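**Student:** Take this structure first; my questions come after.
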Amino acid sequence: VEGVEVERRSCPQASEIHCTTMSTVHDHYSDLVTDADLERARLKAVEHDLVKWGPLSLFLTFALTLGLSAFVSIRLSEGSPCEDWLCDISVYGGSPENGAEQIIFRTGFVLVALQCLVICWGRCRLIESFTCSIFYGAAIVAMLMMAFIPFYASPVHFYSAAATFACLALGQWSDATNDRRASPSMTTARKAMIIATVTFFGIWFGAEIVAEVDWPVLEYIAAFLPFLYFTTWSYQLLTLPTGLHYLLIKETPTVA
């Protein structure tokens, strides 16, 4: 349109203001902003809220799954299933064999997988990079294999756990690298979490599989760190919600 320039920029406003801004623009420039533009704005607002609150729900779902599985496992085993003060996550999710704790464990991880799928897709759309989605998808598949194959049934359980952490680390590293709106300190903190996750899991996995030494505390730290990483998405949007976009319409001199 002659004399008008349309730009796409980061929007610091919350989702409600975003939709209001788009509606106001539509009222004054109905010949420039279509209903499709408004629909895209509403979709961005939904993605914004999903990535802002989703990681918190994801963290709670994971913690609740582990807590309930451990509680039921201990009750059914009439004490610690591993005869120690803290057992591996896999033990709480599979001892005793074919117990109710397995249903809780699997159901919880299915809910975690579904939330991861939706949240990570929304995150990829907000940062406009889909490289991480490949790794996140592989991590979800490996995580479900780990949840549905008990540790006593096959070593595939442990290899699936290792694949889950490896794919998560690659996906999160790609996410941290491609998030151009994150501050340098935020990017550094995220990469530090990823390195810590791989380190703690690597030490635990090596000790467990190779040396047959049980250090479950390291496994729990490694398991919660990826979910802590996801909450940085919430923090970023709650403090500087730059994930949205809007149409900035400004008049420019008409060239004769």
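In the structure tokens, chains take the letters A, B, ... in the order shown, each chain's residues start at 1, and ligands count up from 1 in the order shown.
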What's the 9 Å shell around range 177-190 of chain A, counting only C-alpha atoms, without same-chain residues fewer than 5 positions away, as a ChimeraX atom specification?

**Tutor:** /A:127-129,131,172,195,229,232,236,242-243

**Student:** For the selection you just gave me, I'd like the residues written to a file as a compact mmCIF listing (two decimals), in the first residue's frame, keeping N, CA and C atoms.

**Tutor:**
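So the final result, stored in out.txt, reads:
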# COMPACT_ATOMS: atom_id res chain seq x y z
N ILE A 127 10.44 -18.92 19.46
CA ILE A 127 11.83 -18.53 19.15
C ILE A 127 12.11 -18.67 17.66
N GLU A 128 11.10 -19.16 16.91
CA GLU A 128 11.20 -19.29 15.45
C GLU A 128 12.38 -20.15 15.04
N SER A 129 12.54 -21.26 15.74
CA SER A 129 13.57 -22.24 15.42
C SER A 129 13.04 -23.62 15.77
N THR A 131 14.77 -26.59 15.10
CA THR A 131 15.83 -27.60 15.20
C THR A 131 15.68 -28.41 16.48
N GLN A 172 17.88 -28.88 24.36
CA GLN A 172 17.99 -27.68 25.18
C GLN A 172 19.19 -26.82 24.77
N ILE A 195 25.06 -28.70 31.03
CA ILE A 195 26.34 -29.36 31.34
C ILE A 195 26.24 -30.10 32.67
N TYR A 229 15.35 -26.25 33.81
CA TYR A 229 15.68 -25.51 32.58
C TYR A 229 14.40 -24.98 31.93
N THR A 232 12.94 -21.73 33.05
CA THR A 232 13.55 -20.46 32.62
C THR A 232 12.75 -19.83 31.49
N GLN A 236 11.49 -16.04 31.77
CA GLN A 236 11.76 -15.09 30.70
C GLN A 236 10.50 -14.37 30.25
N THR A 242 8.88 -11.27 25.61
CA THR A 242 9.17 -10.84 24.25
C THR A 242 8.82 -11.89 23.22
N GLY A 243 8.05 -12.87 23.61
CA GLY A 243 7.75 -13.94 22.68
C GLY A 243 6.68 -13.58 21.67

**Student:** Give me, as a PDB file with all heavy atoms, in the first residue's frame, all polymer residues having an atom no more than 10 Å from Ile149 in chain A, counting only C-alpha atoms and skipping those fewer than 4 positions away in the same chain.

**Tutor:**
ATOM      1  N   SER A  90      13.931 -45.736  38.910  1.00  0.00           N
ATOM      2  CA  SER A  90      13.424 -46.945  38.258  1.00  0.00           C
ATOM      3  C   SER A  90      12.893 -47.959  39.257  1.00  0.00           C
ATOM      4  O   SER A  90      11.921 -48.674  38.975  1.00  0.00           O
ATOM      5  CB  SER A  90      14.543 -47.587  37.423  1.00  0.00           C
ATOM      6  OG  SER A  90      15.031 -46.684  36.456  1.00  0.00           O
ATOM      7  N   GLY A  94       9.048 -49.544  39.543  1.00  0.00           N
ATOM      8  CA  GLY A  94       8.877 -50.929  39.112  1.00  0.00           C
ATOM      9  C   GLY A  94       8.909 -51.975  40.201  1.00  0.00           C
ATOM     10  O   GLY A  94       8.886 -53.170  39.895  1.00  0.00           O
ATOM     11  N   GLN A 102       3.521 -49.122  39.124  1.00  0.00           N
ATOM     12  CA  GLN A 102       3.821 -49.083  37.694  1.00  0.00           C
ATOM     13  C   GLN A 102       2.760 -48.303  36.925  1.00  0.00           C
ATOM     14  O   GLN A 102       3.071 -47.579  35.975  1.00  0.00           O
ATOM     15  CB  GLN A 102       3.945 -50.494  37.135  1.00  0.00           C
ATOM     16  CG  GLN A 102       5.201 -51.224  37.566  1.00  0.00           C
ATOM     17  CD  GLN A 102       5.418 -52.520  36.804  1.00  0.00           C
ATOM     18  OE1 GLN A 102       4.733 -52.790  35.818  1.00  0.00           O
ATOM     19  NE2 GLN A 102       6.359 -53.320  37.269  1.00  0.00           N
ATOM     20  N   ARG A 106       3.740 -44.986  34.844  1.00  0.00           N
ATOM     21  CA  ARG A 106       3.491 -44.886  33.401  1.00  0.00           C
ATOM     22  C   ARG A 106       2.498 -43.779  33.077  1.00  0.00           C
ATOM     23  O   ARG A 106       2.696 -43.022  32.119  1.00  0.00           O
ATOM     24  CB  ARG A 106       2.980 -46.231  32.877  1.00  0.00           C
ATOM     25  CG  ARG A 106       4.034 -47.322  32.916  1.00  0.00           C
ATOM     26  CD  ARG A 106       3.449 -48.693  32.647  1.00  0.00           C
ATOM     27  NE  ARG A 106       4.484 -49.727  32.662  1.00  0.00           N
ATOM     28  CZ  ARG A 106       4.240 -51.031  32.583  1.00  0.00           C
ATOM     29  NH1 ARG A 106       2.977 -51.465  32.495  1.00  0.00           N
ATOM     30  NH2 ARG A 106       5.235 -51.900  32.599  1.00  0.00           N
ATOM     31  N   LEU A 144       9.233 -42.502  27.059  1.00  0.00           N
ATOM     32  CA  LEU A 144       8.092 -43.409  27.158  1.00  0.00           C
ATOM     33  C   LEU A 144       8.550 -44.868  27.139  1.00  0.00           C
ATOM     34  O   LEU A 144       7.978 -45.722  27.823  1.00  0.00           O
ATOM     35  CB  LEU A 144       7.106 -43.139  26.025  1.00  0.00           C
ATOM     36  CG  LEU A 144       6.326 -41.820  26.133  1.00  0.00           C
ATOM     37  CD1 LEU A 144       5.457 -41.608  24.899  1.00  0.00           C
ATOM     38  CD2 LEU A 144       5.468 -41.803  27.397  1.00  0.00           C
ATOM     39  N   MET A 145       9.583 -45.155  26.352  1.00  0.00           N
ATOM     40  CA  MET A 145      10.141 -46.516  26.362  1.00  0.00           C
ATOM     41  C   MET A 145      10.684 -46.857  27.743  1.00  0.00           C
ATOM     42  O   MET A 145      10.483 -47.958  28.256  1.00  0.00           O
ATOM     43  CB  MET A 145      11.246 -46.627  25.310  1.00  0.00           C
ATOM     44  CG  MET A 145      10.759 -46.599  23.882  1.00  0.00           C
ATOM     45  SD  MET A 145      12.126 -46.699  22.691  1.00  0.00           S
ATOM     46  CE  MET A 145      12.825 -48.298  23.108  1.00  0.00           C
ATOM     47  N   ALA A 153      13.006 -56.003  33.508  1.00  0.00           N
ATOM     48  CA  ALA A 153      12.613 -56.745  32.309  1.00  0.00           C
ATOM     49  C   ALA A 153      13.685 -56.744  31.236  1.00  0.00           C
ATOM     50  O   ALA A 153      13.883 -57.742  30.536  1.00  0.00           O
ATOM     51  CB  ALA A 153      11.307 -56.199  31.746  1.00  0.00           C
ATOM     52  N   SER A 154      14.369 -55.599  31.084  1.00  0.00           N
ATOM     53  CA  SER A 154      15.340 -55.498  30.005  1.00  0.00           C
ATOM     54  C   SER A 154      16.289 -54.323  30.250  1.00  0.00           C
ATOM     55  O   SER A 154      15.879 -53.296  30.818  1.00  0.00           O
ATOM     56  CB  SER A 154      14.612 -55.291  28.665  1.00  0.00           C
ATOM     57  OG  SER A 154      15.512 -54.965  27.637  1.00  0.00           O
ATOM     58  N   PRO A 155      17.561 -54.458  29.816  1.00  0.00           N
ATOM     59  CA  PRO A 155      18.493 -53.323  29.924  1.00  0.00           C
ATOM     60  C   PRO A 155      18.113 -52.164  29.007  1.00  0.00           C
ATOM     61  O   PRO A 155      18.676 -51.074  29.128  1.00  0.00           O
ATOM     62  CB  PRO A 155      19.835 -53.934  29.508  1.00  0.00           C
ATOM     63  CG  PRO A 155      19.488 -55.151  28.712  1.00  0.00           C
ATOM     64  CD  PRO A 155      18.230 -55.666  29.305  1.00  0.00           C
ATOM     65  N   VAL A 156      17.143 -52.408  28.115  1.00  0.00           N
ATOM     66  CA  VAL A 156      16.657 -51.328  27.241  1.00  0.00           C
ATOM     67  C   VAL A 156      16.117 -50.171  28.084  1.00  0.00           C
ATOM     68  O   VAL A 156      16.170 -49.011  27.665  1.00  0.00           O
ATOM     69  CB  VAL A 156      15.561 -51.867  26.290  1.00  0.00           C
ATOM     70  CG1 VAL A 156      14.907 -50.731  25.503  1.00  0.00           C
ATOM     71  CG2 VAL A 156      16.164 -52.884  25.333  1.00  0.00           C
ATOM     72  N   HIS A 157      15.619 -50.497  29.267  1.00  0.00           N
ATOM     73  CA  HIS A 157      15.119 -49.459  30.184  1.00  0.00           C
ATOM     74  C   HIS A 157      16.209 -48.421  30.456  1.00  0.00           C
ATOM     75  O   HIS A 157      15.966 -47.206  30.366  1.00  0.00           O
ATOM     76  CB  HIS A 157      14.659 -50.102  31.488  1.00  0.00           C
ATOM     77  CG  HIS A 157      14.327 -49.121  32.564  1.00  0.00           C
ATOM     78  ND1 HIS A 157      13.061 -48.585  32.727  1.00  0.00           N
ATOM     79  CD2 HIS A 157      15.092 -48.548  33.537  1.00  0.00           C
ATOM     80  CE1 HIS A 157      13.059 -47.747  33.745  1.00  0.00           C
ATOM     81  NE2 HIS A 157      14.286 -47.700  34.261  1.00  0.00           N
ATOM     82  N   PHE A 158      17.405 -48.885  30.787  1.00  0.00           N
ATOM     83  CA  PHE A 158      18.498 -47.974  31.137  1.00  0.00           C
ATOM     84  C   PHE A 158      19.047 -47.254  29.898  1.00  0.00           C
ATOM     85  O   PHE A 158      19.393 -46.073  29.959  1.00  0.00           O
ATOM     86  CB  PHE A 158      19.607 -48.739  31.851  1.00  0.00           C
ATOM     87  CG  PHE A 158      19.176 -49.313  33.168  1.00  0.00           C
ATOM     88  CD1 PHE A 158      18.841 -50.660  33.286  1.00  0.00           C
ATOM     89  CD2 PHE A 158      19.068 -48.508  34.295  1.00  0.00           C
ATOM     90  CE1 PHE A 158      18.434 -51.193  34.500  1.00  0.00           C
ATOM     91  CE2 PHE A 158      18.664 -49.026  35.520  1.00  0.00           C
ATOM     92  CZ  PHE A 158      18.339 -50.374  35.616  1.00  0.00           C
ATOM     93  N   SER A 160      17.310 -46.526  27.289  1.00  0.00           N
ATOM     94  CA  SER A 160      16.291 -45.530  26.929  1.00  0.00           C
ATOM     95  C   SER A 160      16.425 -44.291  27.806  1.00  0.00           C
ATOM     96  O   SER A 160      16.256 -43.163  27.331  1.00  0.00           O
ATOM     97  CB  SER A 160      14.888 -46.124  27.087  1.00  0.00           C
ATOM     98  OG  SER A 160      14.703 -47.210  26.205  1.00  0.00           O
TER      99      SER A 160
END

**Student:** Using only C-alpha atoms, which residue out of A:Leu126, A:Ile194, A:Cys82, A:Ala166 lies closest to Leu237 in chain A?

**Tutor:** A:Leu126

**Student:** Quick one: residues within 10 Å of Phe205 in chain A, only C-alpha atoms counted, chain neighbours fewer than 2 positions away excluded, as a VMD selection string?

**Tutor:** chain A and resid 158 to 159 161 to 162 199 to 203 207 to 216 218 to 219

**Student:** May I ask which of the residues A:Val118, A:Ile134, A:Ile140, A:Ala196 is the closest one to Leu170 in chain A, counting only C-alpha atoms?

**Tutor:** A:Ile134

**Student:** Closest to Asn98 in chain A among A:Leu76, A:Cys116, A:Cys132, A:Ala139, using only C-alpha atoms?

**Tutor:**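 Under the stated criterion, the closest residue is A:Leu76.
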
**Student:** From the options A:Ser57, A:Leu168, A:Phe105, A:Asp88, which residue's atoms come nearest to Ile221 in chain A, counting only C-alpha atoms?

**Tutor:**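 When distances to Ile221 in chain A are compared using only C-alpha atoms, the smallest one comes from A:Asp88.
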